[in-house]
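First comes the structure, then the notes that go with it.
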Protein chains: 2
Amino acid sequence: MTDSFHVTLLGAGNVATCLLKTFARVGIKVDQIYSRTEASAKAAAAIVHCPYTTQLAAVTSSSDLYICSLKDAVLENVLTQIPDFGKAMWVHTSGSLPMSVFAPYTSRYGVFYPLQTFSKQREISFEEIPVCLETAAKEDMIYLKTFAEKCSHRVQEMDSVQRSYLHLAAVFACNFTNSMYAAAGDILEKHGIDFEMLLPLIDETARKVHQCTPDEAQTGPAVRMDHNIIDKHLFLLQDDAVYVDLYKRLSDAIYLRSKDKTK
Amino acid sequence: MTDSFHVTLLGAGNVATCLLKTFARVGIKVDQIYSRTEASAKAAAAIVHCPYTTQLAAVTSSSDLYICSLKDAVLENVLTQIPDFGKAMWVHTSGSLPMSVFAPYTSRYGVFYPLQTFSKQREISFEEIPVCLETAAKEDMIYLKTFAEKCSHRVQEMDSVQRSYLHLAAVFACNFTNSMYAAAGDILEKHGIDFEMLLPLIDETARKVHQCTPDEAQTGPAVRMDHNIIDKHLFLLQDDAVYVDLYKRLSDAIYLRSKDKTK
C-alpha cells in the first residue's frame, strides 16, 4: 500500500474540475486527462500541468487509479473504447450508476461519489464534501479509502442501492430547492424587487435544518393552512398557471405532513 | 424626534420573541406585552422584564409605538378591542396584510415587516434581517426608520403591493424550500441514511445564489433532461404518488425554464 497516487481522469466537467483543484492542493499526481473536446481537455490539464488527450485509444494504462467523471449516458460507451484496463483500479463519480458498469472489463472497480453541487465558477472546499465509496473487492476499499481521505474528511462506505436513494434525495435538497429560489426570483423580478433581499432568509432556512428537523423548521401559511394568506397568494399568482398549481400542491403537502406528525 | 423609544408589543409568538430579544440587546424600552394566553405573555415579558396583560382592555396608551405581531386573521379583531389608540404610532409585522387595517382607528400607522423565518429555538441576529417599512404619513417614516435602524442595518421602504409579492416569494424561497428538505429527509430515513449527509449540499445550494442567479446555479438531471437518471428516480419513488408527481412537475419546470433562458 502506498500513499502516493497516480491518477488518470476521464472527464473535464464540473466535478472533474473540482477534483483536479483538490488533487493539485493535496499533491495527488495526475498522469493524464481525457476529454472529448480539445478546449475542455486543455483547460482541465492546465490546472495540474499534465498531458491530455481527446482520443480514448490514447488513454495510457500506467496510472494506479482511473476516475471516470462523465455523464452517466456516456460512461458505458467510453468504457468499450478503453484499450487496456491494466491492473489499475477504476471508479466513477456518479450518484445513480451501479458500480457494475465496470464488471465486463476488470475486477478492480468501485465508486467515488462526492455528494455536492458543482459549478465551474464556485470554489468548493472538497474536504467538507461527503464522499461515498463502494468497491467490488474488499481489499480495494482500503486502497480507495486511503485515497479518498486525502481529499475529504467525510468519507464513508455506501452500497449502490443506498447511493441511488441518496442521489434522489439530493435532487430534492439541491436541484428542486434551487428551482424554488428561481420561482422566488421570478416573482421578485416582475415587481422590481432585488433578489438579494431574500438571501438572509435563504441562508437561515438552510441553517435551521442543521439544528432541527425539516418538520420542526417548517413555518409559513401552509403549515397552519392559513386560507387568508394562501388565497391572497393564489390571487397574486393568477397569471401563472404553473406556479398556481405548484403553490397549491406544495401547500397541501406541507399541511398534510404537519397534521400527520402532530397526530 | 427622540432616539429613545417606548414600545408596547401585542403578540408573543416567534416574531415577537425575536423582537423582544433584539429590544433587550439594543436598549429599546418595552412598556407592556399583550398576549391572549398567560403562559406566553409571561414568558415574553420575562425576556425584557416588563409588565404583561392577557386583556386587550388593559392595554395602556402611554407608549410611543405599538407593534402588532399577531396572526393576520387575529389582528383585525384585536384592533376593535383596543380601548385607546392615543397619539402613538401603530404598526404590524405582517408580510401580507395592507397597512390600511389600522385606518379606522388612527392616522399614525404603518408596517414593520422583518423578512425572515422565525422559530423560538433559533437565535437570529436581527441586524442582518431586511426590514420593510411603510407609513401612512410621510413624517412617520422618519420616526419608524430611526426606530428600525436601531434593530437592523438592512432597513428599506416598501409599499403594500411590493411587500405582498416579497412575502409570496419568501414562501417559495423558505417554506417550499424547507418542504424539499423534508422530502429529501423522508427518502433518506426510509433507507437508513443520516440526514446530516445532505447538509454540505444544502449549504452550498444556498451559498451559490449569493454569487450567481438561480438559473446559472441550476444543476442535476432535470436541467439537461437526462431521462436515464429521471426514469431511475421515478422508479425509486414509485410507492409514493405525491413525490412521483412532484418530481415530474419540478423536473419539467426546470427543463422548460433552462430551454427558455438559453434561446
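In the C-alpha cells, each chain is lettered A, B, ... as it comes, each chain's residues begin at 1, and ligands are numbered from 1 in order of appearance.
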Item to check | Expected answer as a count of residues only: chain A residues within 6 Å of chain B, only C-alpha atoms | outcome: 15
Next on the checklist: Using only C-alpha atoms, which protein or nucleic acid residues come within 10 Å of Thr93 in chain A? Drop anything in the same chain fewer than 3 positions from it, and give the result as a ChimeraX atom specification.
Outcome noted: /A:15-16,67-72,96-97,99,110-115,131-133
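One finds CA of Ala39 in chain A at 29.0 Å from CA of Ser4 in chain A.
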Polymer residues at most 12 Å from Arg25 in chain B, only C-alpha atoms, same-chain spacing of 6 or more positions, as a CSV table (one decimal) with C-alpha atoms, in the first residue's frame:
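As written to disk, selection25.csv reads:
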```
chain,number,residue,atom,x,y,z
B,18,CYS,CA,-37.1,37.6,18.4
B,19,LEU,CA,-38.1,41.3,18.5
B,47,ILE,CA,-37.2,38.5,28.2
B,48,VAL,CA,-37.4,42.3,28.8
B,125,SER,CA,-29.1,38.2,14.6
B,126,PHE,CA,-31.8,40.7,13.8
B,127,GLU,CA,-29.4,43.3,12.4
B,150,LYS,CA,-31.7,50.6,15.9
B,151,CYS,CA,-32.7,47.0,15.2
B,152,SER,CA,-31.4,46.2,11.7
```
When DSSP works through the backbone of this structure, what residues of range 60-178 of chain B end up as alpha helix (DSSP H), shown as an mmCIF file with C-alpha atoms, in the first residue's frame?
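Result file out_12.cif:
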```cif
data_model
loop_
_atom_site.group_PDB
_atom_site.id
_atom_site.type_symbol
_atom_site.label_atom_id
_atom_site.label_comp_id
_atom_site.auth_asym_id
_atom_site.auth_seq_id
_atom_site.Cartn_x
_atom_site.Cartn_y
_atom_site.Cartn_z
ATOM 1 C CA ASP B 72 -53.189 38.024 10.206
ATOM 2 C CA ALA B 73 -56.605 36.508 10.917
ATOM 3 C CA VAL B 74 -56.492 37.746 14.535
ATOM 4 C CA LEU B 75 -55.211 41.297 14.089
ATOM 5 C CA GLU B 76 -58.398 42.939 12.780
ATOM 6 C CA ASN B 77 -60.459 41.584 15.649
ATOM 7 C CA VAL B 78 -57.826 42.624 18.191
ATOM 8 C CA LEU B 79 -57.830 46.196 16.911
ATOM 9 C CA THR B 80 -61.588 46.537 17.525
ATOM 10 C CA LYS B 138 -44.606 60.774 5.371
ATOM 11 C CA GLU B 139 -43.287 62.273 8.612
ATOM 12 C CA ASP B 140 -43.857 58.989 10.407
ATOM 13 C CA MET B 141 -41.436 57.270 8.036
ATOM 14 C CA ILE B 142 -38.548 59.241 9.552
ATOM 15 C CA TYR B 143 -39.671 58.178 13.002
ATOM 16 C CA LEU B 144 -40.184 54.497 12.074
ATOM 17 C CA LYS B 145 -36.889 54.375 10.174
ATOM 18 C CA THR B 146 -34.982 55.741 13.158
ATOM 19 C CA PHE B 147 -36.551 53.027 15.276
ATOM 20 C CA ALA B 148 -35.969 50.239 12.711
ATOM 21 C CA GLU B 149 -32.333 51.195 12.198
ATOM 22 C CA LYS B 150 -31.681 50.603 15.875
ATOM 23 C CA CYS B 151 -32.691 46.974 15.215
ATOM 24 C CA SER B 160 -48.030 47.165 0.462
ATOM 25 C CA VAL B 161 -48.199 45.764 -3.076
ATOM 26 C CA GLN B 162 -44.465 45.114 -3.331
ATOM 27 C CA ARG B 163 -44.439 43.705 0.180
ATOM 28 C CA SER B 164 -47.169 41.215 -0.706
ATOM 29 C CA TYR B 165 -45.074 39.934 -3.651
ATOM 30 C CA LEU B 166 -41.979 39.794 -1.473
ATOM 31 C CA HIS B 167 -43.909 37.728 1.050
ATOM 32 C CA LEU B 168 -45.110 35.410 -1.715
ATOM 33 C CA ALA B 169 -41.538 34.989 -2.981
ATOM 34 C CA ALA B 170 -40.456 34.227 0.585
ATOM 35 C CA THR B 177 -37.606 25.041 0.084
ATOM 36 C CA ASN B 178 -37.926 23.581 3.560
#
```
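Between CA of His153 in chain B and CA of Tyr34 in chain B there is a distance of 27.4 Å.
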